[in-house]
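Next up, model-v1.txt (compact mmCIF, C-alpha atoms):
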```txt
# COMPACT_ATOMS: atom_id res chain seq x y z
CA MET A 1 -10.09 -40.04 24.78
CA THR A 2 -12.35 -41.25 27.56
CA ILE A 3 -11.49 -40.92 31.24
CA ARG A 4 -10.99 -44.69 31.36
CA ASP A 5 -8.61 -44.59 28.39
CA ALA A 6 -6.62 -41.74 29.94
CA THR A 7 -6.34 -43.65 33.21
CA LEU A 8 -5.11 -46.75 31.37
CA VAL A 9 -2.49 -44.76 29.45
CA ARG A 10 -1.27 -43.15 32.68
CA GLU A 11 -0.98 -46.54 34.39
CA LEU A 12 0.98 -47.98 31.48
CA GLU A 13 3.33 -44.99 31.48
CA GLU A 14 3.93 -45.40 35.21
CA GLN A 15 4.84 -49.05 34.69
CA ARG A 16 7.21 -48.32 31.82
CA PRO A 17 10.83 -49.29 32.67
CA ALA A 18 13.28 -46.42 33.15
CA ALA A 19 15.37 -47.92 30.33
CA PRO A 20 13.28 -49.26 27.43
CA SER A 21 13.96 -52.90 26.63
CA GLY A 22 16.98 -53.32 24.42
CA LEU A 23 17.34 -49.56 23.80
CA LEU A 24 20.36 -48.76 25.92
CA SER A 25 23.06 -47.62 23.54
CA ARG A 26 26.52 -49.13 23.72
CA ALA A 27 27.87 -45.79 24.88
CA GLU A 28 25.33 -45.68 27.70
CA LYS A 29 26.13 -49.22 28.79
CA ASP A 30 29.84 -48.41 28.72
CA ARG A 31 29.15 -45.37 30.90
CA LEU A 32 27.11 -47.43 33.38
CA VAL A 33 29.81 -50.09 33.65
CA GLU A 34 32.56 -47.50 34.11
CA ARG A 35 30.64 -45.62 36.80
CA ALA A 36 29.99 -48.86 38.71
CA ILE A 37 33.65 -49.91 38.49
CA VAL A 38 34.81 -46.52 39.74
CA GLY A 39 32.54 -46.97 42.76
CA LEU A 40 33.70 -50.55 43.22
CA TYR A 41 37.32 -49.36 43.19
CA ARG A 42 36.61 -46.73 45.85
CA TRP A 43 34.93 -49.32 48.06
CA TYR A 44 37.75 -51.81 47.47
CA LEU A 45 40.50 -49.29 48.27
CA ASP A 46 38.84 -48.28 51.53
CA ARG A 47 38.57 -51.89 52.68
CA SER A 48 42.07 -52.87 51.57
CA GLN A 49 43.63 -49.97 53.47
CA ALA A 50 41.64 -50.75 56.62
CA LYS A 51 41.87 -54.56 56.65
CA ARG A 52 44.86 -55.75 54.56
CA ASN A 53 47.66 -53.21 55.00
CA TRP A 54 50.42 -55.69 55.98
CA SER A 55 54.21 -55.67 55.61
CA PRO A 56 56.10 -58.52 53.89
CA ASP A 57 59.17 -57.81 56.06
CA SER A 58 58.04 -56.88 59.56
CA GLY A 59 54.73 -58.73 59.36
CA PHE A 60 56.18 -62.21 59.92
CA ASP A 61 58.67 -63.82 62.29
CA TRP A 62 61.21 -64.64 59.60
CA ARG A 63 63.89 -65.78 62.06
CA SER A 64 61.59 -68.68 62.97
CA PHE A 65 61.16 -69.84 59.39
CA ARG A 66 62.24 -73.46 58.98
CA THR A 67 65.45 -74.25 57.13
CA ASP A 68 64.78 -77.96 56.65
CA HIS A 69 61.75 -78.08 54.37
CA SER A 70 61.36 -80.96 51.95
CA PRO A 71 62.72 -80.64 48.40
CA ALA A 72 59.12 -80.57 47.16
CA MET A 73 58.21 -77.62 49.36
CA ASN A 74 61.36 -75.77 48.36
CA THR A 75 60.48 -76.34 44.71
CA MET A 76 57.02 -74.87 45.30
CA LEU A 77 58.40 -71.81 47.07
CA GLU A 78 60.83 -71.24 44.23
CA GLY A 79 58.01 -71.58 41.70
CA PHE A 80 55.74 -69.13 43.55
CA PHE A 81 58.61 -66.66 43.63
CA GLY A 82 59.20 -67.15 39.90
CA VAL A 83 55.60 -66.47 38.92
CA GLU A 84 55.45 -63.35 41.09
CA GLN A 85 58.67 -61.98 39.54
CA TYR A 86 56.65 -60.82 36.55
CA VAL A 87 54.48 -58.40 38.52
CA PRO A 88 56.08 -55.41 36.70
CA ASP A 89 54.94 -56.96 33.40
CA TYR A 90 51.49 -57.89 34.69
CA VAL A 91 50.90 -54.40 36.05
CA GLY A 92 52.47 -52.35 33.27
CA LYS A 93 50.78 -54.15 30.41
CA LEU A 94 47.39 -54.37 32.08
CA VAL A 95 47.44 -50.70 33.06
CA THR A 96 48.30 -49.79 29.47
CA LEU A 97 45.47 -51.99 28.19
CA VAL A 98 42.83 -50.40 30.47
CA ARG A 99 44.31 -46.90 30.79
CA ARG A 100 41.25 -45.20 29.25
CA SER A 101 39.11 -46.50 32.11
CA HIS A 102 39.65 -44.58 35.34
CA GLY A 103 38.17 -47.31 37.53
CA ARG A 104 40.01 -50.22 35.92
CA SER A 105 43.37 -48.46 35.65
CA GLN A 106 43.24 -47.20 39.24
CA PHE A 107 42.45 -50.70 40.44
CA GLN A 108 45.27 -52.26 38.42
CA ILE A 109 47.74 -49.83 39.99
CA ARG A 110 46.44 -50.78 43.44
CA TRP A 111 46.49 -54.47 42.48
CA GLY A 112 50.14 -54.08 41.49
CA ALA A 113 51.05 -52.54 44.84
CA GLU A 114 49.50 -55.50 46.63
CA GLU A 115 51.08 -58.06 44.30
CA GLU A 116 54.48 -56.42 44.87
CA LYS A 117 54.18 -57.39 48.53
CA HIS A 118 53.60 -61.00 47.47
CA THR A 119 56.82 -60.89 45.45
CA SER A 120 58.73 -59.67 48.50
CA ALA A 121 57.14 -62.24 50.79
CA TRP A 122 58.03 -65.17 48.52
CA LEU A 123 61.57 -63.84 48.18
CA ASN A 124 61.79 -63.81 51.98
CA THR A 125 60.66 -67.44 52.18
CA LEU A 126 63.56 -68.42 49.92
CA MET A 127 66.08 -66.29 51.76
CA PHE A 128 65.17 -67.57 55.21
CA ALA A 129 64.73 -71.18 54.06
CA ARG A 130 68.45 -70.94 53.22
CA PHE A 131 68.41 -73.73 50.67
CA ARG A 132 69.61 -71.19 48.09
CA SER A 133 72.40 -68.68 48.63
CA PRO A 134 71.71 -64.96 48.30
CA GLN A 135 74.05 -64.93 45.30
CA TRP A 136 72.05 -67.70 43.61
CA LEU A 137 68.80 -65.84 44.25
CA ASP A 138 70.24 -62.65 42.73
CA GLN A 139 71.29 -64.55 39.62
CA TYR A 140 67.95 -66.38 39.37
CA GLN A 141 66.06 -63.11 39.69
CA GLU A 142 68.15 -61.62 36.90
CA THR A 143 67.50 -64.68 34.71
CA LEU A 144 63.75 -64.40 35.27
CA ARG A 145 63.62 -60.70 34.53
CA ASN A 146 65.55 -61.10 31.31
CA ASN A 147 62.38 -62.70 29.98
CA ASP A 148 59.30 -60.69 29.08
CA TRP A 149 55.75 -61.78 29.91
CA LYS A 150 53.23 -61.02 27.17
CA LEU A 151 49.48 -60.62 27.41
CA PRO A 152 47.69 -63.80 26.34
CA TRP A 153 44.97 -61.56 24.82
CA ASP A 154 45.15 -57.93 23.79
CA ASP A 155 41.58 -56.86 24.60
CA VAL A 156 40.03 -55.77 27.89
CA LEU A 157 37.20 -58.31 27.97
CA HIS A 158 39.35 -61.40 27.52
CA MET A 159 41.88 -60.17 30.05
CA LEU A 160 39.12 -59.46 32.57
CA PHE A 161 38.06 -63.10 32.51
CA TYR A 162 41.66 -64.30 32.40
CA THR A 163 42.58 -62.39 35.56
CA LEU A 164 39.34 -63.56 37.20
CA ILE A 165 40.23 -67.23 36.71
CA GLN A 166 43.93 -66.69 37.46
CA GLU A 167 43.24 -64.93 40.77
CA ARG A 168 40.92 -67.71 41.92
CA ALA A 169 43.52 -70.33 40.91
CA THR A 170 46.23 -68.48 42.82
CA GLU A 171 44.05 -68.17 45.91
CA ILE A 172 43.39 -71.92 45.89
CA THR A 173 47.08 -72.67 45.36
CA TYR A 174 48.16 -70.66 48.38
CA LEU A 175 45.33 -71.91 50.59
CA ARG A 176 46.23 -75.51 49.85
CA THR A 177 49.90 -74.76 50.51
CA ALA A 178 48.84 -73.31 53.87
CA ILE A 179 47.19 -76.65 54.70
CA ILE A 180 50.53 -78.37 54.14
CA ALA A 181 52.31 -75.75 56.26
CA ALA A 182 49.75 -76.39 59.01
CA GLY A 183 50.87 -80.03 59.07
CA TYR A 184 47.85 -81.62 57.42
CA SER A 185 49.25 -82.99 54.17
CA ASP A 186 48.52 -86.62 53.34
CA VAL A 187 51.33 -86.68 50.76
CA PRO A 188 54.26 -88.61 52.29
CA GLU A 189 57.01 -86.29 51.06
CA LEU A 190 55.21 -83.25 52.56
CA ARG A 191 54.03 -84.61 55.89
CA ASP A 192 56.93 -83.03 57.80
CA ASP A 193 56.64 -79.56 56.27
CA ALA A 194 54.65 -77.93 59.06
CA ASP A 195 55.79 -74.32 59.53
CA PRO A 196 53.64 -71.69 61.33
CA VAL A 197 55.45 -68.82 59.62
CA LEU A 198 54.91 -70.27 56.17
CA GLU A 199 51.28 -70.97 56.98
CA SER A 200 50.79 -67.34 57.99
CA VAL A 201 52.45 -66.11 54.78
CA CYS A 202 50.28 -68.36 52.61
CA ARG A 203 47.03 -67.38 54.33
CA THR A 204 47.86 -63.67 54.28
CA ILE A 205 48.59 -63.70 50.55
CA ALA A 206 45.54 -65.89 49.86
CA VAL A 207 43.31 -63.27 51.51
CA ASP A 208 44.68 -60.68 49.07
CA GLU A 209 44.09 -63.02 46.14
CA ALA A 210 40.50 -63.60 47.30
CA ALA A 211 39.94 -59.83 47.42
CA HIS A 212 41.36 -59.47 43.90
CA TYR A 213 39.15 -62.29 42.68
CA ASN A 214 36.09 -60.64 44.18
CA PHE A 215 36.85 -57.36 42.39
CA PHE A 216 37.25 -59.10 39.04
CA ASN A 217 34.13 -61.17 39.77
CA GLU A 218 32.02 -58.04 40.25
CA ALA A 219 33.47 -56.41 37.12
CA SER A 220 32.80 -59.61 35.16
CA ARG A 221 29.19 -59.67 36.34
CA LEU A 222 28.73 -56.12 35.09
CA MET A 223 30.01 -57.07 31.65
CA LEU A 224 27.86 -60.20 31.54
CA TYR A 225 24.80 -58.21 32.58
CA TYR A 226 25.15 -55.40 30.06
CA PHE A 227 26.99 -57.25 27.26
CA PRO A 228 26.04 -60.94 27.66
CA ALA A 229 26.73 -62.12 24.10
CA GLU A 230 30.22 -60.67 23.86
CA ALA A 231 31.10 -61.52 27.45
CA LEU A 232 30.05 -65.17 27.22
CA ASP A 233 31.93 -65.59 23.96
CA ALA A 234 35.11 -64.20 25.54
CA LEU A 235 34.63 -66.34 28.66
CA VAL A 236 34.43 -69.53 26.59
CA ASP A 237 37.59 -68.56 24.72
CA VAL A 238 39.51 -67.89 27.93
CA ILE A 239 38.41 -71.14 29.57
CA LYS A 240 39.39 -73.07 26.45
CA HIS A 241 42.92 -71.65 26.35
CA PHE A 242 43.62 -70.83 30.00
CA ALA A 243 47.11 -71.36 31.42
CA MET A 244 48.77 -69.87 34.48
CA PRO A 245 50.99 -66.86 33.66
CA ALA A 246 54.68 -67.03 32.79
CA GLY A 247 54.76 -70.83 32.49
CA ASP A 248 56.49 -70.55 29.12
CA ILE A 249 59.34 -68.33 30.37
CA ILE A 250 60.16 -69.66 33.86
CA PRO A 251 62.98 -72.25 33.87
CA ASP A 252 61.87 -75.79 34.81
CA PHE A 253 58.23 -74.70 35.07
CA VAL A 254 56.97 -78.12 33.93
CA PHE A 255 58.74 -79.75 36.87
CA PHE A 256 57.21 -77.15 39.22
CA GLU A 257 53.74 -77.94 37.83
CA GLU A 258 54.32 -81.64 38.43
CA VAL A 259 55.34 -81.00 42.04
CA VAL A 260 52.33 -78.80 42.88
CA ALA A 261 49.99 -81.31 41.22
CA ARG A 262 51.52 -84.25 43.10
CA ALA A 263 51.23 -82.25 46.32
CA GLY A 264 47.50 -81.77 45.72
CA VAL A 265 48.06 -78.01 45.64
CA PHE A 266 47.01 -77.27 42.06
CA GLY A 267 46.36 -79.47 39.05
CA PRO A 268 43.52 -80.43 36.70
CA ARG A 269 41.29 -81.61 39.54
CA GLN A 270 41.66 -78.37 41.50
CA TYR A 271 41.23 -76.30 38.34
CA VAL A 272 37.91 -77.91 37.47
CA GLY A 273 36.52 -78.39 40.97
CA ASP A 274 37.84 -75.47 43.01
CA VAL A 275 38.35 -72.87 40.30
CA LEU A 276 36.19 -73.28 37.22
CA GLN A 277 33.03 -74.49 38.95
CA THR A 278 33.25 -71.67 41.50
CA VAL A 279 33.89 -69.03 38.84
CA LEU A 280 30.94 -70.13 36.71
CA LYS A 281 28.61 -70.39 39.70
CA ASN A 282 29.53 -66.89 40.87
CA LEU A 283 28.88 -65.57 37.36
CA SER A 284 25.44 -67.24 37.25
CA VAL A 285 26.55 -69.50 34.37
CA ASN A 286 24.94 -72.93 34.28
CA GLY A 287 28.12 -75.00 33.92
CA ALA A 288 31.00 -75.18 31.47
CA ARG A 289 29.31 -77.57 29.03
CA ALA A 290 26.13 -75.49 28.91
CA LEU A 291 28.24 -72.37 28.43
CA ALA A 292 30.08 -73.74 25.41
CA ASP A 293 26.89 -75.21 23.89
CA GLY A 294 24.93 -71.99 24.39
CA VAL A 295 27.55 -69.78 22.80
CA ARG A 296 28.02 -72.20 19.90
CA ARG A 297 24.28 -72.35 19.18
CA SER A 298 23.75 -68.59 19.37
CA ARG A 299 26.63 -66.92 17.53
CA VAL A 300 24.53 -63.77 17.22
CA VAL A 301 26.60 -60.76 16.26
CA PRO A 302 25.58 -57.72 18.36
CA ASP A 303 24.23 -54.77 16.39
CA ILE A 304 25.91 -51.38 16.34
CA GLU A 305 24.55 -50.67 19.81
CA GLY A 306 25.57 -54.08 21.18
CA ASN A 307 21.98 -55.32 21.65
CA GLY A 308 21.81 -58.45 19.50
CA VAL A 309 21.37 -61.32 21.95
CA SER A 310 20.10 -64.82 21.19
CA SER A 311 17.58 -66.34 23.59
CA SER A 312 19.77 -69.46 23.77
CA LEU A 313 22.31 -67.46 25.76
CA PHE A 314 19.77 -67.04 28.52
CA GLU A 315 19.46 -70.81 28.78
CA THR A 316 23.16 -70.74 29.65
CA LEU A 317 23.05 -67.66 31.86
CA ASP A 318 20.76 -67.34 34.88
CA TYR A 319 20.08 -63.73 33.99
CA GLU A 320 17.69 -62.98 36.84
CA HIS A 321 20.23 -64.27 39.37
CA LEU A 322 22.93 -62.22 37.63
CA LYS A 323 20.75 -59.12 37.82
CA ALA A 324 20.22 -59.66 41.56
CA SER A 325 24.01 -59.91 42.04
CA VAL A 326 24.59 -56.68 40.13
CA GLU A 327 21.89 -54.91 42.16
CA ARG A 328 23.59 -56.06 45.39
CA LEU A 329 26.84 -54.54 44.12
CA TYR A 330 25.10 -51.23 43.47
CA ALA A 331 23.54 -51.32 46.93
CA ARG A 332 26.85 -52.05 48.68
CA VAL A 333 28.82 -49.43 46.77
CA GLY A 334 25.95 -46.96 46.99
CA GLN A 335 25.87 -47.29 50.77
CA PHE A 336 29.62 -46.67 50.97
CA GLU A 337 29.37 -43.60 48.74
CA SER A 338 26.50 -42.30 50.86
CA GLU A 339 28.58 -42.69 54.02
CA VAL A 340 31.49 -40.68 52.62
CA GLY A 341 29.27 -38.09 50.91
CA TYR A 342 30.02 -38.88 47.29
CA ALA A 343 26.39 -39.77 46.61
CA GLU A 344 25.49 -36.13 47.19
CA VAL A 345 27.66 -35.14 44.24
CA GLN A 346 27.17 -38.02 41.80
CA PRO A 347 24.80 -40.74 43.02
CA LEU A 348 25.23 -44.29 41.79
CA ASP A 349 21.96 -45.38 40.16
CA PHE A 350 21.22 -48.87 38.89
CA VAL A 351 19.78 -48.86 35.35
CA PRO A 352 18.27 -52.14 34.08
CA SER A 353 19.77 -53.53 30.90
CA GLY A 354 16.35 -54.10 29.33
CA LEU A 355 17.44 -57.56 28.15
CA HIS A 356 15.45 -60.72 28.87
CA GLY A 357 13.34 -59.02 31.54
CA GLY A 358 16.52 -57.55 33.06
```
Please render this file's structure as structure tokens.
Amino acid sequence: MTIRDATLVRELEEQRPAAPSGLLSRAEKDRLVERAIVGLYRWYLDRSQAKRNWSPDSGFDWRSFRTDHSPAMNTMLEGFFGVEQYVPDYVGKLVTLVRRSHGRSQFQIRWGAEEEKHTSAWLNTLMFARFRSPQWLDQYQETLRNNDWKLPWDDVLHMLFYTLIQERATEITYLRTAIIAAGYSDVPELRDDADPVLESVCRTIAVDEAAHYNFFNEASRLMLYYFPAEALDALVDVIKHFAMPAGDIIPDFVFFEEVVARAGVFGPRQYVGDVLQTVLKNLSVNGARALADGVRRSRVVPDIEGNGVSSSLFETLDYEHLKASVERLYARVGQFESEVGYAEVQPLDFVPSGLHGG
């Protein structure tokens, strides 16, 4: 070998990616995703404790809560309370589903603790609105809890995307209710529902929902980056069959849906414009139609290592933008772990997927 040839070989070796294209095993990708989610959970927990540690009882001036809200607003409050009554089911079944993952299961436990506060806050709105007696509320709560919420899917990937969309939808619902409580509704039956206490409750809970959405968004990006074929297929399925939780077991839920849609709080328009478009944009997916078309045209079954990916999927997925988002997650979590010293024990290193230049 000549000196020139040796120099060329050395240069090529130096430029070789740390992870050869398409050669990451499924086990290695699973390990990378789990390690990133553990770090994400640590970062999330630190921020939630520092910035969102509020009380549903002493955190609001409940004695000033209005007792003359419109029937439509009272219906919405009752519906929000009903949906949140199934937190024990949401938490228990999701924790069981993801229990083998330390990062996911720890987050779901934390998520449940924060959702429990939402349940208590919505109960307080009903108690202090005084349009239902405490005895009625006790009976209604018993009726709700006699029903059992079931997972719409029994696999981790589908439920990841389901909770992603559901958390964004809930955030939008509470933010738009806060607008009404601030006195800015253009719906005649809700124009006189201004209530500073209710506005504060809605905005406080919406901040939690936004934080939950952001966690699921980052976890979804990781799955899309390392397992794009499977993740996109699951995402299409969830979008196609999505419905808010517990709608089939809450009494008079159809009427509640009609009220929130008429109020401009949540309906088909909000789902498409405020929820679905935002979710797909944040996941670097080029629109719902392109997503469905891309998955339908590819239908490539991943090999035993999960590496079979059709090029048509990358017409649907802005993979370079997705990679940049994942790298930002690693940088943010890595900085946090450096600050607390964890990086000295087990550093968080980004490993490229090797797919499509990624």
Problem - Pairwise distance for atom CA of A:Val38 and atom CA of A:Ala169, rounded to one decimal in Å - result: 25.4 Å
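Minimum atom-to-atom distance to A:Asn214, evaluated using only C-alpha atoms, belongs to A:Glu171 out of A:Asp186, A:Asp237, A:Glu171, A:Asp248.
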Write out as a JSON list (two decimals) with C-alpha atoms, keeping the file's coordinate frame which residues come within 7 Å of stretch 200-207 of chain A when counting only C-alpha atoms, dropping same-chain ones fewer than 5 positions away.
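Dumped to part19.json:
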```json
[["chain", "number", "residue", "atom", "x", "y", "z"],
["A", 118, "HIS", "CA", 53.60, -61.00, 47.47],
["A", 171, "GLU", "CA", 44.05, -68.17, 45.91],
["A", 174, "TYR", "CA", 48.16, -70.66, 48.38],
["A", 175, "LEU", "CA", 45.33, -71.91, 50.59],
["A", 177, "THR", "CA", 49.90, -74.76, 50.51],
["A", 178, "ALA", "CA", 48.84, -73.31, 53.87]]
```
Practice task
Could you give me, as a PyMOL selection string, the residues that have an atom at most 12 Å away from the point (41.0, -72.7, 27.8) in the coordinates of the file, using all atoms listed in the file?
Solution key: chain A and resi 152+158+161-162+165-166+234-244+271-272+276+288+292
Handout entry: Shell around A:Pro188 at 12 Å using all atoms listed in the file, local window under 2 positions removed, as a ChimeraX atom specification
Key = /A:70,72,180,183-186,190-193,262-264
Handout entry: Nearest residue to A:Pro251 from the set A:Ser58, A:Thr75, A:Ser120, A:Ser25 (distances using only C-alpha atoms)
Key =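 With only C-alpha atoms as the atom set, the closest residue is A:Thr75.
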